[in-house]
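Asker: Quick one, work05.txt (compact mmCIF, C-alpha atoms):
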# COMPACT_ATOMS: atom_id res chain seq x y z
CA ASP A 1 65.44 67.92 -28.06
CA THR A 2 65.38 71.30 -26.29
CA GLU A 3 62.55 72.93 -28.18
CA VAL A 4 58.91 73.74 -27.83
CA THR A 5 57.19 73.32 -31.18
CA GLN A 6 54.01 75.17 -32.00
CA THR A 7 51.75 74.61 -34.97
CA PRO A 8 50.47 76.21 -37.05
CA LYS A 9 52.73 79.26 -37.25
CA HIS A 10 49.96 81.38 -38.73
CA LEU A 11 46.17 80.94 -38.54
CA VAL A 12 43.34 83.02 -39.95
CA MET A 13 39.88 82.08 -38.76
CA GLY A 14 36.36 83.43 -38.95
CA MET A 15 34.35 84.24 -35.87
CA THR A 16 32.18 81.13 -36.33
CA ASN A 17 35.07 78.74 -36.90
CA LYS A 18 36.51 76.12 -34.58
CA LYS A 19 40.26 75.68 -34.69
CA SER A 20 43.02 74.31 -32.47
CA LEU A 21 46.57 75.35 -31.66
CA LYS A 22 49.09 72.68 -30.87
CA CYS A 23 52.18 72.72 -28.68
CA GLU A 24 54.66 69.89 -28.22
CA GLN A 25 57.78 69.38 -26.13
CA HIS A 26 59.98 66.36 -25.52
CA MET A 27 62.14 67.68 -22.71
CA GLY A 28 60.27 65.81 -19.98
CA HIS A 29 58.87 69.07 -18.64
CA ARG A 30 55.82 68.58 -16.45
CA ALA A 31 54.46 72.13 -16.55
CA MET A 32 53.11 73.75 -19.69
CA TYR A 33 51.73 77.22 -20.24
CA TRP A 34 49.69 79.23 -22.70
CA TYR A 35 50.42 82.94 -23.04
CA LYS A 36 48.71 85.57 -25.18
CA GLN A 37 50.71 88.48 -26.55
CA LYS A 38 49.18 91.48 -28.27
CA ALA A 39 51.32 93.63 -30.52
CA LYS A 40 53.89 95.73 -28.67
CA LYS A 41 52.76 94.30 -25.32
CA PRO A 42 54.29 91.77 -22.91
CA PRO A 43 52.98 88.20 -22.79
CA GLU A 44 49.99 87.56 -20.52
CA LEU A 45 49.48 84.22 -18.83
CA MET A 46 46.32 82.34 -19.80
CA PHE A 47 46.62 78.77 -18.49
CA VAL A 48 49.02 76.57 -16.56
CA TYR A 49 49.04 72.78 -16.70
CA SER A 50 50.93 70.84 -14.11
CA TYR A 51 51.34 67.08 -14.52
CA GLU A 52 48.68 67.14 -17.24
CA LYS A 53 46.08 68.75 -15.01
CA LEU A 54 44.81 72.29 -15.34
CA SER A 55 46.35 74.18 -12.47
CA ILE A 56 45.72 77.81 -13.26
CA ASN A 57 43.10 79.57 -15.41
CA GLU A 58 43.69 83.30 -15.44
CA SER A 59 39.98 84.10 -15.90
CA VAL A 60 40.17 83.34 -19.60
CA PRO A 61 36.87 83.42 -21.56
CA SER A 62 35.35 80.00 -22.27
CA ARG A 63 35.82 80.44 -26.01
CA PHE A 64 39.39 79.36 -25.25
CA SER A 65 39.54 75.74 -24.11
CA PRO A 66 42.88 74.15 -23.19
CA GLU A 67 43.60 70.46 -23.25
CA CYS A 68 46.62 68.41 -22.20
CA PRO A 69 46.25 64.89 -23.70
CA ASN A 70 49.67 63.75 -22.42
CA SER A 71 52.81 65.09 -20.83
CA SER A 72 54.28 66.20 -24.16
CA LEU A 73 51.31 67.83 -25.79
CA LEU A 74 49.22 70.89 -25.08
CA ASN A 75 46.33 72.09 -27.21
CA LEU A 76 44.29 75.26 -27.22
CA HIS A 77 40.86 74.88 -28.78
CA LEU A 78 39.30 78.02 -30.18
CA HIS A 79 35.63 78.63 -30.84
CA ALA A 80 33.57 81.73 -31.59
CA LEU A 81 36.50 84.08 -31.21
CA GLN A 82 36.32 87.83 -31.57
CA PRO A 83 38.60 90.07 -33.66
CA GLU A 84 40.17 91.37 -30.43
CA ASP A 85 41.44 87.84 -29.79
CA SER A 86 43.89 88.30 -32.65
CA ALA A 87 47.35 87.96 -31.12
CA LEU A 88 50.48 85.86 -30.90
CA TYR A 89 49.79 82.77 -28.79
CA LEU A 90 52.86 81.43 -27.07
CA CYS A 91 53.33 78.07 -25.47
CA ALA A 92 56.01 77.47 -22.85
CA SER A 93 57.16 74.60 -20.69
CA SER A 94 59.26 74.16 -17.56
CA GLN A 95 60.45 71.29 -15.37
CA ALA A 96 57.62 71.92 -12.94
CA GLN A 97 55.16 74.62 -11.99
CA GLY A 98 57.02 77.34 -10.14
CA ASP A 99 60.25 76.47 -11.92
CA TYR A 100 60.88 79.58 -13.95
CA GLY A 101 63.25 78.01 -16.42
CA TYR A 102 60.73 78.45 -19.19
CA THR A 103 61.33 77.37 -22.76
CA PHE A 104 59.06 79.24 -25.13
CA GLY A 105 57.85 78.17 -28.53
CA SER A 106 57.88 80.53 -31.51
CA GLY A 107 54.16 81.09 -31.25
CA THR A 108 51.08 80.97 -33.45
CA ARG A 109 50.07 84.25 -35.04
CA LEU A 110 46.25 84.21 -34.91
CA THR A 111 44.06 86.56 -36.91
CA VAL A 112 40.31 86.52 -36.35
CA VAL A 113 38.27 88.00 -39.19
CA ALA B 1 52.40 90.95 -5.83
CA GLN B 2 55.56 91.41 -7.80
CA SER B 3 55.87 93.88 -10.69
CA VAL B 4 58.44 95.14 -13.15
CA THR B 5 59.08 98.53 -14.72
CA GLN B 6 61.15 99.08 -17.83
CA PRO B 7 61.52 102.85 -18.04
CA ASP B 8 62.76 102.97 -21.63
CA ILE B 9 60.24 102.16 -24.35
CA HIS B 10 62.70 102.51 -27.22
CA ILE B 11 66.49 102.73 -27.40
CA THR B 12 68.56 103.37 -30.51
CA VAL B 13 72.22 102.45 -30.41
CA SER B 14 75.01 102.38 -32.99
CA GLU B 15 76.55 99.09 -33.95
CA GLY B 16 79.62 98.50 -31.83
CA ALA B 17 78.45 100.81 -29.06
CA SER B 18 77.53 99.65 -25.58
CA LEU B 19 73.96 98.98 -24.52
CA GLU B 20 72.25 99.19 -21.15
CA LEU B 21 68.60 98.40 -20.59
CA ARG B 22 67.00 99.35 -17.30
CA CYS B 23 64.72 97.19 -15.19
CA ASN B 24 63.25 97.97 -11.78
CA TYR B 25 61.25 95.48 -9.82
CA SER B 26 58.91 95.55 -6.89
CA TYR B 27 58.86 92.57 -4.55
CA GLY B 28 59.19 92.17 -0.81
CA ALA B 29 61.62 89.27 -0.73
CA THR B 30 64.46 88.15 -2.98
CA PRO B 31 62.97 87.89 -6.46
CA TYR B 32 63.74 85.60 -9.33
CA LEU B 33 64.75 87.90 -12.19
CA PHE B 34 64.98 87.25 -15.90
CA TRP B 35 65.77 88.93 -19.18
CA TYR B 36 64.18 87.64 -22.38
CA VAL B 37 64.70 88.72 -25.97
CA GLN B 38 62.10 88.51 -28.71
CA SER B 39 62.80 88.99 -32.40
CA PRO B 40 59.86 90.10 -34.57
CA GLY B 41 57.20 87.42 -34.86
CA GLN B 42 59.19 85.01 -32.71
CA GLY B 43 58.91 83.52 -29.27
CA LEU B 44 60.90 84.59 -26.24
CA GLN B 45 64.47 83.46 -25.67
CA LEU B 46 65.96 83.51 -22.20
CA LEU B 47 69.12 85.63 -22.06
CA LEU B 48 69.93 85.19 -18.38
CA LYS B 49 68.42 84.73 -14.95
CA TYR B 50 69.17 85.55 -11.34
CA PHE B 51 68.00 83.44 -8.43
CA SER B 52 70.67 84.01 -5.79
CA GLY B 53 74.42 84.23 -5.31
CA ASP B 54 76.74 86.35 -7.42
CA THR B 55 74.91 89.55 -8.32
CA LEU B 56 76.62 89.83 -11.70
CA VAL B 57 75.08 87.31 -14.04
CA GLN B 58 76.47 86.27 -17.41
CA GLY B 59 74.11 85.23 -20.15
CA ILE B 60 74.07 84.19 -23.75
CA LYS B 61 75.02 86.36 -26.73
CA GLY B 62 77.48 88.40 -24.65
CA PHE B 63 74.88 89.89 -22.31
CA GLU B 64 75.26 90.37 -18.58
CA ALA B 65 73.03 91.81 -15.87
CA GLU B 66 73.64 93.07 -12.37
CA PHE B 67 71.24 92.62 -9.47
CA LYS B 68 71.26 95.60 -7.10
CA ARG B 69 69.00 95.02 -4.14
CA SER B 70 69.46 98.57 -2.79
CA GLN B 71 68.14 100.00 -6.06
CA SER B 72 65.64 97.22 -6.82
CA SER B 73 67.23 97.00 -10.23
CA PHE B 74 68.37 94.33 -12.65
CA ASN B 75 69.88 96.19 -15.60
CA LEU B 76 71.02 94.40 -18.73
CA ARG B 77 74.27 95.33 -20.48
CA LYS B 78 76.24 94.44 -23.54
CA PRO B 79 79.65 96.01 -24.25
CA SER B 80 79.41 96.00 -28.04
CA VAL B 81 76.12 95.70 -29.91
CA HIS B 82 75.70 93.81 -33.17
CA TRP B 83 72.98 94.51 -35.74
CA SER B 84 71.42 91.16 -34.84
CA ASP B 85 70.71 92.48 -31.32
CA ALA B 86 67.86 94.59 -32.67
CA ALA B 87 64.81 93.13 -30.93
CA GLU B 88 62.35 93.55 -28.08
CA TYR B 89 63.74 92.94 -24.61
CA PHE B 90 61.60 91.96 -21.65
CA CYS B 91 62.55 91.95 -18.00
CA ALA B 92 60.51 89.59 -15.84
CA VAL B 93 60.18 88.78 -12.14
CA GLY B 94 58.91 85.70 -10.38
CA ALA B 95 58.24 84.98 -6.72
CA SER B 96 59.43 81.94 -4.83
CA ASN B 97 55.91 81.04 -3.70
CA ASP B 98 54.12 81.80 -6.95
CA TYR B 99 53.69 80.35 -10.39
CA LYS B 100 53.50 83.49 -12.46
CA LEU B 101 56.15 85.45 -14.28
CA SER B 102 55.37 89.16 -14.37
CA PHE B 103 56.78 90.85 -17.45
CA GLY B 104 57.74 94.46 -17.94
CA ALA B 105 56.32 96.38 -20.89
CA GLY B 106 59.45 95.77 -22.91
CA THR B 107 62.16 97.89 -24.51
CA THR B 108 62.60 97.99 -28.27
CA VAL B 109 66.23 98.16 -29.33
CA THR B 110 67.13 99.56 -32.75
CA VAL B 111 70.69 99.20 -33.99
CA ARG B 112 71.92 101.68 -36.56
CA ALA B 113 74.88 101.05 -38.84
Please rewrite the model in this file as structure tokens.
Answerer:
Amino acid sequence: DTEVTQTPKHLVMGMTNKKSLKCEQHMGHRAMYWYKQKAKKPPELMFVYSYEKLSINESVPSRFSPECPNSSLLNLHLHALQPEDSALYLCASSQAQGDYGYTFGSGTRLTVV
Amino acid sequence: AQSVTQPDIHITVSEGASLELRCNYSYGATPYLFWYVQSPGQGLQLLLKYFSGDTLVQGIKGFEAEFKRSQSSFNLRKPSVHWSDAAEYFCAVGASNDYKLSFGAGTTVTVRA
């Protein structure tokens, strides 16, 4: 299995809702990443997990809460989002942090209404 | 910190014609360089990467790129474009002592029949 699987593919949520994005990989990668991509813009790094521990938080607002329950799974919990948080959320993984051989998932298209 | 510039926002090319996408980077040491492709609504797919060694790098889908240290460039080329090559292309740079890929703004490629 050489894929990163993200679910759901599309999500519409209200500003008072709580939702979660899920990312899964079975390549034995020990680093996992969340990126945010606005339309017509490059991806921006949000979080890095290394060996299931949060390694990097790129000053992301607390309404985004990452979680890594095990080495194959990465979640992004969403609460009280704003319309400007609407974007494509991409998950990626690599053998280890600093190993740039990223494999990206197809993303979750999030719309906040 | 490293950075990337993609001078061309949008390129239109005829099917069967050659394609060259420009990428200039800024980094003090030897960078790790990448080209990714993104189809609409999809994640990023790695086309090729340069870490060291031969400065002409072959990638997937018939793409190649050449690292030129003297020009701080890593331009992507394809001899004959297919309609399926229409997509967004991102150049990215990473540092050997860092965790973060820095992406360029991207170049949109349109292929006309």
Asker: Which distance in Å separates CA of Gly16 in chain B and CA of His82 in chain B, to one decimal?
Answerer: 6.3 Å
Asker: What are the closest atom pairs, with distances in Å to one decimal, for all residues of range 28-80 of chain B lying within 12 Å of range 8-16 of chain A? Consider only C-alpha atoms, order rows by chain and residue number, and present the result as JSON lines.
Answerer:
{"residue": "B:Gly41", "atom": "CA", "partner": "A:Lys9", "partner_atom": "CA", "distance": 9.6}
{"residue": "B:Gln42", "atom": "CA", "partner": "A:Lys9", "partner_atom": "CA", "distance": 9.8}
{"residue": "B:Gly43", "atom": "CA", "partner": "A:Lys9", "partner_atom": "CA", "distance": 11.0}
Asker: As an exercise, work out the distance from CA of Ala105 in chain B to CA of Arg30 in chain A in Å and give it to one decimal place.
Answerer: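 Result for CA of Ala105 in chain B versus CA of Arg30 in chain A: 28.2 Å, one decimal.
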Asker: With 10 Å as the limit and counting only C-alpha atoms, what residues in chain A lie close to chain B? Please list them as number ranges by chain.
Answerer: A: 4, 9, 37, 39-45, 48, 55-56, 88-92, 96-109
Asker: If the box runs along x, y and z of the file and leaves 3 Å on each side of range 84-102 of chain A, what are its centre and edge lengths in Å, one decimal, as AutoDock Vina command-line options?
Answerer:
--center_x 51.7 --center_y 81.3 --center_z -21.4 --size_x 29.1 --size_y 26.1 --size_z 28.5
Asker: At a cut-off of 8 Å, using all atoms listed in the file, what residues contact Asp85 in chain A? Leave out same-chain residues fewer than 4 positions from it and give the result as an MDAnalysis selection string.
Answerer: chainID A and resid 81 110:112
Asker: Go ahead and write the residues just picked, C-alpha atoms, as a PDB file, in the frame of the given file.
Answerer:
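Output saved as again_29.pdb:
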ATOM      1  CA  LEU A  81      36.500  84.080 -31.210  1.00  0.00           C
ATOM      2  CA  LEU A 110      46.250  84.210 -34.910  1.00  0.00           C
ATOM      3  CA  THR A 111      44.060  86.560 -36.910  1.00  0.00           C
ATOM      4  CA  VAL A 112      40.310  86.520 -36.350  1.00  0.00           C
TER       5      VAL A 112
END
Asker: Write out as a ChimeraX atom specification which residues come within 8 Å of Gly62 in chain B when counting all atoms listed in the file, dropping same-chain ones fewer than 2 positions away.
Answerer: /B:58-60,64,78-79
